[in-house]
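So this one's target21.cif, mmCIF, C-alpha atoms:
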```cif
data_target
loop_
_atom_site.label_atom_id
_atom_site.label_comp_id
_atom_site.auth_asym_id
_atom_site.auth_seq_id
_atom_site.Cartn_x
_atom_site.Cartn_y
_atom_site.Cartn_z
CA MET A 1 -5.21 -6.14 -11.34
CA GLY A 2 -2.17 -5.98 -9.08
CA TRP A 3 -2.14 -7.37 -5.55
CA THR A 4 -0.16 -7.58 -2.36
CA ALA A 5 0.10 -11.19 -1.28
CA VAL A 6 1.22 -13.17 1.70
CA LEU A 7 2.00 -16.73 0.75
CA SER A 8 1.90 -19.31 3.49
CA ARG A 9 2.76 -22.92 4.16
CA GLN A 10 3.22 -24.12 7.72
CA PHE A 11 3.04 -20.45 8.71
CA LYS A 12 6.20 -19.29 6.96
CA TRP A 13 5.61 -16.06 5.09
CA ILE A 14 6.77 -14.56 1.82
CA ARG A 15 5.79 -11.31 0.13
CA GLY A 16 4.16 -10.86 -3.21
CA ARG A 17 3.58 -7.87 -5.41
CA ILE A 18 2.65 -4.25 -4.93
CA ALA A 19 -1.06 -3.50 -4.80
CA GLU A 20 -2.62 -1.46 -7.59
CA VAL A 21 -6.13 -0.18 -8.21
CA ASN A 22 -8.82 -2.75 -8.98
CA PRO A 23 -11.63 -2.13 -11.50
CA GLN A 24 -13.93 -0.77 -8.79
CA GLY A 25 -11.19 1.44 -7.36
CA ARG A 26 -11.41 -0.26 -3.93
CA ALA A 27 -8.15 -0.90 -2.13
CA PHE A 28 -7.54 -4.26 -0.58
CA ILE A 29 -4.90 -6.68 0.53
CA LEU A 30 -5.37 -10.20 -0.72
CA ALA A 31 -3.73 -12.94 1.26
CA LEU A 32 -3.21 -16.24 -0.49
CA LEU A 33 -2.86 -19.59 1.20
CA ALA A 34 -1.15 -22.55 -0.46
CA THR A 35 -3.47 -25.47 0.15
CA PHE A 36 -1.36 -28.06 -1.68
CA ARG A 37 -4.52 -30.20 -1.76
CA PHE A 38 -3.68 -31.70 1.59
CA ALA A 39 -6.75 -30.65 3.54
CA SER A 40 -6.06 -32.88 6.49
CA SER A 41 -2.46 -31.70 6.81
CA LEU A 42 -3.58 -28.10 6.61
CA ALA A 43 -6.19 -28.67 9.29
CA VAL A 44 -3.54 -30.11 11.58
CA ALA A 45 -1.23 -27.18 10.87
CA GLN A 46 -3.97 -24.71 11.75
CA GLN A 47 -4.77 -26.36 15.07
CA GLY A 48 -3.18 -24.91 18.15
CA THR A 49 -2.39 -21.51 16.65
CA SER A 50 -2.49 -18.73 19.21
CA PRO A 51 -3.25 -15.03 18.73
CA ILE A 52 -0.28 -12.95 17.70
CA THR A 53 1.25 -10.37 19.97
CA ALA A 54 2.40 -7.09 18.47
CA VAL A 55 5.70 -7.14 20.38
CA VAL A 56 8.21 -7.23 17.54
CA ASN A 57 11.38 -5.63 19.00
CA VAL A 58 13.22 -5.28 15.69
CA ALA A 59 16.96 -5.11 16.38
CA PRO A 60 19.52 -3.46 14.06
CA ALA A 61 20.76 -6.95 13.20
CA ASP A 62 17.29 -7.85 11.92
CA LEU A 63 17.47 -4.99 9.43
CA LEU A 64 20.88 -6.22 8.23
CA ALA A 65 19.74 -9.80 7.58
CA GLN A 66 20.37 -11.07 4.03
CA PRO A 67 18.68 -12.67 2.26
CA VAL A 68 15.25 -11.93 3.67
CA GLY A 69 13.57 -14.95 5.26
CA GLU A 70 10.43 -15.24 7.34
CA ASN A 71 10.45 -11.49 8.14
CA TRP A 72 10.10 -8.63 5.66
CA THR A 73 11.37 -5.75 7.75
CA SER A 74 11.30 -2.79 5.36
CA TYR A 75 9.80 -1.50 2.12
CA ASN A 76 12.38 -3.34 0.01
CA GLY A 77 12.82 -6.26 2.39
CA ASP A 78 16.44 -5.41 3.15
CA TYR A 79 18.90 -2.58 2.57
CA THR A 80 19.92 -3.80 -0.91
CA GLY A 81 16.58 -2.94 -2.51
CA ARG A 82 16.57 -6.25 -4.42
CA ARG A 83 13.19 -7.40 -2.99
CA TYR A 84 14.49 -10.96 -2.90
CA SER A 85 13.35 -13.60 -0.41
CA GLY A 86 15.26 -16.76 0.43
CA LEU A 87 12.06 -18.69 1.20
CA HIS A 88 11.44 -21.62 -1.13
CA GLU A 89 8.33 -23.49 0.04
CA ILE A 90 6.26 -21.75 -2.64
CA ASN A 91 7.79 -22.48 -6.02
CA PRO A 92 6.83 -22.91 -9.72
CA LYS A 93 5.63 -26.44 -9.04
CA ASN A 94 3.01 -25.56 -6.42
CA VAL A 95 2.20 -21.90 -7.04
CA ALA A 96 -0.89 -22.85 -9.08
CA GLN A 97 -2.39 -24.40 -5.95
CA LEU A 98 -2.58 -21.08 -4.08
CA ARG A 99 -6.05 -20.16 -2.86
CA ALA A 100 -7.48 -16.97 -1.34
CA SER A 101 -7.33 -17.06 2.45
CA TRP A 102 -8.50 -13.61 3.54
CA VAL A 103 -9.19 -10.11 2.22
CA PHE A 104 -8.69 -6.86 4.13
CA HIS A 105 -10.12 -3.49 3.01
CA PRO A 106 -8.33 -0.60 4.75
CA GLY A 107 -10.37 2.16 3.08
CA LYS A 108 -9.55 5.87 2.62
CA SER A 109 -7.64 5.24 -0.60
CA GLU A 110 -8.61 4.45 -4.18
CA HIS A 111 -5.64 2.14 -4.50
CA LEU A 112 -2.69 0.88 -2.51
CA GLU A 113 0.99 1.44 -3.25
CA ALA A 114 2.25 0.26 0.13
CA THR A 115 4.45 -2.77 0.67
CA PRO A 116 3.37 -4.71 3.77
CA VAL A 117 6.08 -5.07 6.42
CA VAL A 118 5.89 -8.44 8.20
CA VAL A 119 7.71 -9.19 11.46
CA LYS A 120 7.08 -12.24 13.66
CA GLY A 121 3.66 -12.83 12.14
CA VAL A 122 2.51 -9.21 12.39
CA MET A 123 1.77 -7.40 9.11
CA TYR A 124 1.98 -3.60 9.10
CA VAL A 125 0.17 -1.79 6.27
CA THR A 126 -0.84 1.78 5.50
CA SER A 127 -3.65 3.43 3.57
CA ALA A 128 -3.65 7.21 3.23
CA ASN A 129 -2.74 8.41 6.77
CA ASP A 130 -3.95 5.26 8.56
CA ALA A 131 -1.75 2.44 9.83
CA PHE A 132 -2.80 -1.10 10.70
CA ALA A 133 -1.22 -4.06 12.46
CA LEU A 134 -2.74 -7.33 11.24
CA ASP A 135 -2.40 -10.98 12.14
CA ALA A 136 -0.77 -12.14 8.91
CA ARG A 137 -2.42 -15.56 9.21
CA SER A 138 -6.00 -14.36 9.48
CA GLY A 139 -6.15 -10.65 8.62
CA ARG A 140 -7.48 -9.87 12.09
CA VAL A 141 -6.75 -6.27 13.12
CA ALA A 142 -4.51 -6.05 16.17
CA TRP A 143 -4.62 -2.24 16.16
CA HIS A 144 -5.52 0.68 13.90
CA HIS A 145 -4.02 4.18 14.08
CA GLU A 146 -6.36 6.62 12.35
CA ARG A 147 -5.54 10.11 11.09
CA PRO A 148 -7.69 12.27 8.76
CA VAL A 149 -6.40 12.91 5.26
CA SER A 150 -5.02 16.40 4.66
CA SER A 151 -6.46 19.14 2.45
CA GLY A 152 -4.68 21.72 0.34
CA LEU A 153 -2.14 19.29 -1.15
CA LEU A 154 -0.86 18.95 -4.73
CA ASP A 155 0.23 16.12 -7.01
CA ASP A 156 0.61 12.60 -5.56
CA ALA A 157 0.25 13.82 -1.99
CA ALA A 158 -3.22 15.07 -2.87
CA ALA A 159 -4.11 11.47 -3.79
CA HIS A 160 -2.89 10.43 -0.32
CA HIS A 161 -0.48 7.83 -1.67
CA THR A 162 1.59 6.00 0.93
CA ARG A 163 4.19 3.26 0.60
CA GLY A 164 4.18 1.78 4.06
CA VAL A 165 6.09 1.87 7.31
CA ALA A 166 9.52 1.35 8.81
CA VAL A 167 10.01 -0.65 12.01
CA TRP A 168 12.73 -0.51 14.66
CA ARG A 169 12.75 -1.85 18.21
CA ASN A 170 9.09 -1.58 19.30
CA PHE A 171 8.36 1.44 17.12
CA VAL A 172 6.55 1.88 13.81
CA TYR A 173 7.31 4.95 11.67
CA MET A 174 5.24 6.37 8.81
CA GLU A 175 5.06 9.49 6.68
CA THR A 176 1.75 11.32 6.28
CA ASP A 177 0.47 12.99 3.12
CA ASP A 178 1.36 16.44 4.54
CA ALA A 179 4.97 15.45 5.38
CA HIS A 180 4.73 14.58 9.06
CA LEU A 181 6.81 11.76 10.51
CA LEU A 182 4.83 9.70 13.01
CA CYS A 183 6.26 7.33 15.60
CA LEU A 184 3.77 4.72 16.83
CA ASP A 185 4.04 2.14 19.57
CA ALA A 186 4.27 -1.16 17.69
CA ARG A 187 2.40 -2.92 20.50
CA SER A 188 -0.68 -0.69 20.57
CA GLY A 189 -0.57 1.77 17.66
CA ASN A 190 -0.56 4.71 20.09
CA LEU A 191 1.08 7.88 18.79
CA LEU A 192 4.38 8.59 20.58
CA TRP A 193 5.49 11.65 18.64
CA ASP A 194 4.59 13.64 15.52
CA ILE A 195 7.15 15.78 13.67
CA ALA A 196 6.28 18.13 10.79
CA TYR A 197 9.41 18.02 8.63
CA ALA A 198 8.19 20.04 5.61
CA ASP A 199 5.63 22.77 5.01
CA LYS A 200 2.59 21.77 2.96
CA THR A 201 1.79 25.46 2.33
CA LYS A 202 5.00 25.51 0.26
CA HIS A 203 3.64 22.56 -1.78
CA TYR A 204 5.57 19.84 0.03
CA GLY A 205 3.97 16.46 0.67
CA ALA A 206 5.14 12.90 1.34
CA THR A 207 4.39 9.57 -0.34
CA SER A 208 7.32 7.36 0.69
CA ALA A 209 8.07 4.89 3.46
CA PRO A 210 10.79 5.87 5.95
CA LEU A 211 14.13 4.06 6.05
CA VAL A 212 15.75 3.23 9.41
CA VAL A 213 19.56 3.19 9.47
CA LYS A 214 21.22 2.49 12.80
CA ASP A 215 19.23 4.74 15.17
CA GLU A 216 18.06 7.28 12.61
CA VAL A 217 14.80 7.47 10.64
CA ILE A 218 15.35 8.92 7.17
CA VAL A 219 12.49 10.52 5.24
CA GLY A 220 11.93 12.40 1.99
CA THR A 221 9.23 14.47 0.31
CA SER A 222 7.08 14.68 -2.77
CA GLY A 223 6.22 17.81 -4.74
CA GLY A 224 8.87 17.74 -7.47
CA ASP A 225 6.48 19.26 -10.02
CA SER A 226 5.21 21.92 -7.62
CA GLY A 227 8.16 24.23 -7.11
CA VAL A 228 9.86 22.72 -4.05
CA ARG A 229 13.51 21.90 -3.34
CA GLY A 230 14.06 18.22 -2.61
CA PHE A 231 15.82 16.98 0.50
CA LEU A 232 16.42 14.06 2.83
CA ALA A 233 16.10 14.46 6.59
CA ALA A 234 17.14 12.14 9.41
CA PHE A 235 15.56 12.03 12.86
CA ASP A 236 16.58 10.36 16.09
CA ALA A 237 14.57 7.13 16.26
CA PHE A 238 13.88 7.57 19.99
CA THR A 239 13.18 11.28 20.34
CA GLY A 240 12.26 12.55 16.87
CA LYS A 241 14.96 15.23 17.04
CA MET A 242 16.34 16.18 13.63
CA LYS A 243 19.91 14.96 13.14
CA TRP A 244 20.64 16.26 9.63
CA ARG A 245 19.11 17.52 6.39
CA PHE A 246 20.61 17.01 2.93
CA TRP A 247 19.42 19.14 0.00
CA THR A 248 19.35 17.31 -3.33
CA ILE A 249 19.85 20.53 -5.34
CA PRO A 250 23.15 22.35 -4.69
CA GLY A 251 22.94 25.80 -3.18
CA PRO A 252 25.18 28.78 -3.98
CA GLY A 253 28.87 27.89 -3.74
CA GLU A 254 28.31 24.12 -3.78
CA PHE A 255 29.49 21.87 -6.58
CA GLY A 256 27.07 22.08 -9.51
CA SER A 257 25.36 25.24 -8.31
CA ALA A 258 26.27 27.06 -11.55
CA SER A 259 23.65 24.95 -13.32
CA TRP A 260 20.97 26.57 -11.11
CA PRO A 261 21.12 30.30 -11.87
CA GLY A 262 19.58 32.82 -9.50
CA ASP A 263 17.17 31.33 -7.00
CA SER A 264 16.06 28.47 -9.29
CA TYR A 265 17.66 25.96 -6.88
CA LEU A 266 14.93 26.82 -4.37
CA HIS A 267 12.22 25.51 -6.72
CA GLY A 268 14.10 22.86 -8.71
CA GLY A 269 12.29 19.67 -7.68
CA ALA A 270 14.50 16.55 -7.33
CA THR A 271 12.33 15.29 -4.50
CA THR A 272 12.94 12.03 -2.65
CA TRP A 273 9.49 10.48 -3.07
CA MET A 274 10.52 6.80 -2.97
CA PRO A 275 12.52 4.89 -0.31
CA GLY A 276 16.28 4.66 -0.73
CA THR A 277 18.81 1.91 -0.05
CA TYR A 278 21.85 1.62 2.20
CA ASP A 279 25.26 -0.06 2.02
CA PRO A 280 26.38 -0.95 5.59
CA LYS A 281 29.97 -1.65 4.53
CA LEU A 282 30.40 1.73 2.89
CA ASN A 283 28.05 3.47 5.34
CA THR A 284 26.43 5.13 2.33
CA LEU A 285 22.86 5.91 1.33
CA TYR A 286 21.66 5.66 -2.26
CA TRP A 287 18.53 7.63 -3.09
CA THR A 288 16.83 8.33 -6.39
CA THR A 289 15.09 11.65 -6.97
CA SER A 290 12.25 12.97 -9.04
CA ASN A 291 12.79 15.09 -12.13
CA ALA A 292 14.26 18.55 -12.05
CA ALA A 293 11.65 21.30 -12.31
CA PRO A 294 10.31 22.66 -14.48
CA ASP A 295 10.57 19.26 -16.13
CA PHE A 296 9.43 19.94 -19.71
CA VAL A 297 11.05 23.35 -20.20
CA GLY A 298 14.65 23.43 -19.05
CA ASP A 299 15.58 26.79 -20.57
CA SER A 300 16.21 28.22 -17.11
CA ARG A 301 18.95 25.61 -16.52
CA PRO A 302 21.65 26.01 -19.18
CA GLY A 303 24.04 23.11 -19.72
CA THR A 304 24.11 20.06 -17.48
CA THR A 305 21.73 20.06 -14.52
CA PHE A 306 23.45 18.82 -11.37
CA ILE A 307 21.55 17.00 -8.66
CA GLN A 308 23.50 15.92 -5.61
CA LEU A 309 23.93 12.39 -4.26
CA ALA A 310 23.60 11.75 -0.54
CA SER A 311 25.88 9.86 1.83
CA TRP A 312 24.81 9.02 5.35
CA ARG A 313 26.51 10.92 8.18
CA SER A 314 27.26 9.15 11.43
CA THR A 315 27.32 12.34 13.51
CA PRO A 316 24.66 15.06 13.70
CA THR A 317 25.04 17.87 11.20
CA PRO A 318 23.25 21.18 11.71
CA GLU A 319 20.44 21.95 9.32
CA SER A 320 21.44 24.21 6.48
#
```

Could you express the structure from this file as structure tokens?
Amino acid sequence: MGWTAVLSRQFKWIRGRIAEVNPQGRAFILALLATFRFASSLAVAQQGTSPITAVVNVAPADLLAQPVGENWTSYNGDYTGRRYSGLHEINPKNVAQLRASWVFHPGKSEHLEATPVVVKGVMYVTSANDAFALDARSGRVAWHHERPVSSGLLDDAAAHHTRGVAVWRNFVYMETDDAHLLCLDARSGNLLWDIAYADKTKHYGATSAPLVVKDEVIVGTSGGDSGVRGFLAAFDAFTGKMKWRFWTIPGPGEFGSASWPGDSYLHGGATTWMPGTYDPKLNTLYWTTSNAAPDFVGDSRPGTTFIQLASWRSTPTPES
């Protein structure tokens, strides 16, 4: 059984592993507390703790921090995608002393694939189309944004998979199963804006966590086995206005388009269903894609199949 863990000593936090389905199919987040067999010291440490406030105000510099320390500000922790933390209070010598501290059941999902984002003691998690802000010390819910699951979806989106949120300033961003980008107030969970960036009637969905770069929120889609054309899209973090869209399959006249005869590029898959990474020095995004479609019979794509790589653009580019 996999789990998502928060490991604590003197209220410094470190992430654990991605949650998977348990034998009963009930999703949960398991927080572990390192007792170190010093009950009196732990009791002293727990005295005087005050309720968290959900005012996080994540600055661009916080997203650039390396290595990750007491905050885990994105799906991968930082832009490198290494999922490495510089915290050291939990180590091979004391890890066996970890004990369960609290359990949280978000519901609406058979299993979790989200990575909790933790900023200043607030843990942000998602399950299906719901988002939660939790006190990472106790599991107490600070707020809950609820949205019904969508119908008429295919593939992973139909299972309502979600991989978490992105945070920036006092905003929380998440993708819904039907490819909407939501912006929530990090202090209350109130919905600020809702942008539909792909059409579920064309078999698009979304399963990823957004990535914030500078003042843009970058999202992708699922549906690579369902006849869609993959893309990335970036939205203004304040307003939700689209800044650019990048198609992962080349269109007519673009490099590699000869490997997609006729209109096959319109249904070729290569969706962006997992979060990408970013190199600030090169100002470049790196994003993996799903398989080309159809994936088992490639007769319609003679020779080498070309899928484009994306680089981040610092100025708005019209949608194409």

Review point. From the list A:Ala133, A:Ala61, A:Ala198, A:Ala158, which residue is nearest Val172 of chain A when using all atoms listed in the file?
Key: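 Distance minimum relative to Val172 of chain A lands on A:Ala133.
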
Practice item. Just give me the gap between atom CA of Ala59 of chain A and atom CA of Lys281 of chain A in Å, one decimal is fine. Key: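 Atom-to-atom, atom CA of Ala59 of chain A to atom CA of Lys281 of chain A, that is 17.9 Å.
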
Exercise for review: Mind giving me the straight-line distance from atom CA of Pro67 of chain A to atom CA of Glu113 of chain A in Å, one decimal?
Suggested key: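 Computing it gives 23.3 Å between the two atoms.
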
Running the PyMOL selection byres ((chain A and resi 235) around 10) on this model by hand, what would come out? Give it as a PDB file with C-alpha atoms, in the coordinates of the input.
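Done, and the output landed in part34.pdb:
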```pdb
ATOM      1  CA  LEU A 181       6.810  11.760  10.510  1.00  0.00           C
ATOM      2  CA  ILE A 195       7.150  15.780  13.670  1.00  0.00           C
ATOM      3  CA  TYR A 197       9.410  18.020   8.630  1.00  0.00           C
ATOM      4  CA  VAL A 212      15.750   3.230   9.410  1.00  0.00           C
ATOM      5  CA  ASP A 215      19.230   4.740  15.170  1.00  0.00           C
ATOM      6  CA  GLU A 216      18.060   7.280  12.610  1.00  0.00           C
ATOM      7  CA  VAL A 217      14.800   7.470  10.640  1.00  0.00           C
ATOM      8  CA  ILE A 218      15.350   8.920   7.170  1.00  0.00           C
ATOM      9  CA  VAL A 219      12.490  10.520   5.240  1.00  0.00           C
ATOM     10  CA  ALA A 233      16.100  14.460   6.590  1.00  0.00           C
ATOM     11  CA  ALA A 234      17.140  12.140   9.410  1.00  0.00           C
ATOM     12  CA  ASP A 236      16.580  10.360  16.090  1.00  0.00           C
ATOM     13  CA  ALA A 237      14.570   7.130  16.260  1.00  0.00           C
ATOM     14  CA  PHE A 238      13.880   7.570  19.990  1.00  0.00           C
ATOM     15  CA  THR A 239      13.180  11.280  20.340  1.00  0.00           C
ATOM     16  CA  GLY A 240      12.260  12.550  16.870  1.00  0.00           C
ATOM     17  CA  LYS A 241      14.960  15.230  17.040  1.00  0.00           C
ATOM     18  CA  MET A 242      16.340  16.180  13.630  1.00  0.00           C
ATOM     19  CA  LYS A 243      19.910  14.960  13.140  1.00  0.00           C
ATOM     20  CA  TRP A 244      20.640  16.260   9.630  1.00  0.00           C
ATOM     21  CA  ARG A 245      19.110  17.520   6.390  1.00  0.00           C
ATOM     22  CA  PRO A 316      24.660  15.060  13.700  1.00  0.00           C
TER      23      PRO A 316
END
```

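Considering the residues A:Lys214, A:Tyr204, A:Leu266, A:Gly86 and counting only C-alpha atoms, Asn283 of chain A has its shortest atom-to-atom contact with A:Lys214.
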
Please return the centre and edge lengths, in Å to one decimal, of a box with edges along x, y and z that contains all listed atoms of segment 257-262 of chain A, widened by 3 Å on every side, as JSON.
```
{"center_x": 22.9, "center_y": 28.9, "center_z": -10.8, "size_x": 12.7, "size_y": 13.9, "size_z": 11.0}
```

Study note, to complete from the structure: Computed gap from atom CA of Asp78 of chain A to atom CA of Val103 of chain A is 26.1 Å

Practice item. Tell me which of A:Tyr278, A:Tyr173, A:Trp247, A:Trp143 sits closest to Val122 of chain A, counting only C-alpha atoms. Key: A:Trp143

Target residues per the PyMOL selection byres ((chain A and resi 184) around 10), formatted as a tab-separated table (two decimals) with C-alpha atoms, keeping the file's coordinate frame:
```tsv
chain	number	residue	atom	x	y	z
A	131	ALA	CA	-1.75	2.44	9.83
A	145	HIS	CA	-4.02	4.18	14.08
A	167	VAL	CA	10.01	-0.65	12.01
A	170	ASN	CA	9.09	-1.58	19.30
A	171	PHE	CA	8.36	1.44	17.12
A	172	VAL	CA	6.55	1.88	13.81
A	173	TYR	CA	7.31	4.95	11.67
A	174	MET	CA	5.24	6.37	8.81
A	181	LEU	CA	6.81	11.76	10.51
A	182	LEU	CA	4.83	9.70	13.01
A	183	CYS	CA	6.26	7.33	15.60
A	185	ASP	CA	4.04	2.14	19.57
A	186	ALA	CA	4.27	-1.16	17.69
A	187	ARG	CA	2.40	-2.92	20.50
A	188	SER	CA	-0.68	-0.69	20.57
A	189	GLY	CA	-0.57	1.77	17.66
A	190	ASN	CA	-0.56	4.71	20.09
A	191	LEU	CA	1.08	7.88	18.79
A	192	LEU	CA	4.38	8.59	20.58
A	193	TRP	CA	5.49	11.65	18.64
A	194	ASP	CA	4.59	13.64	15.52
```
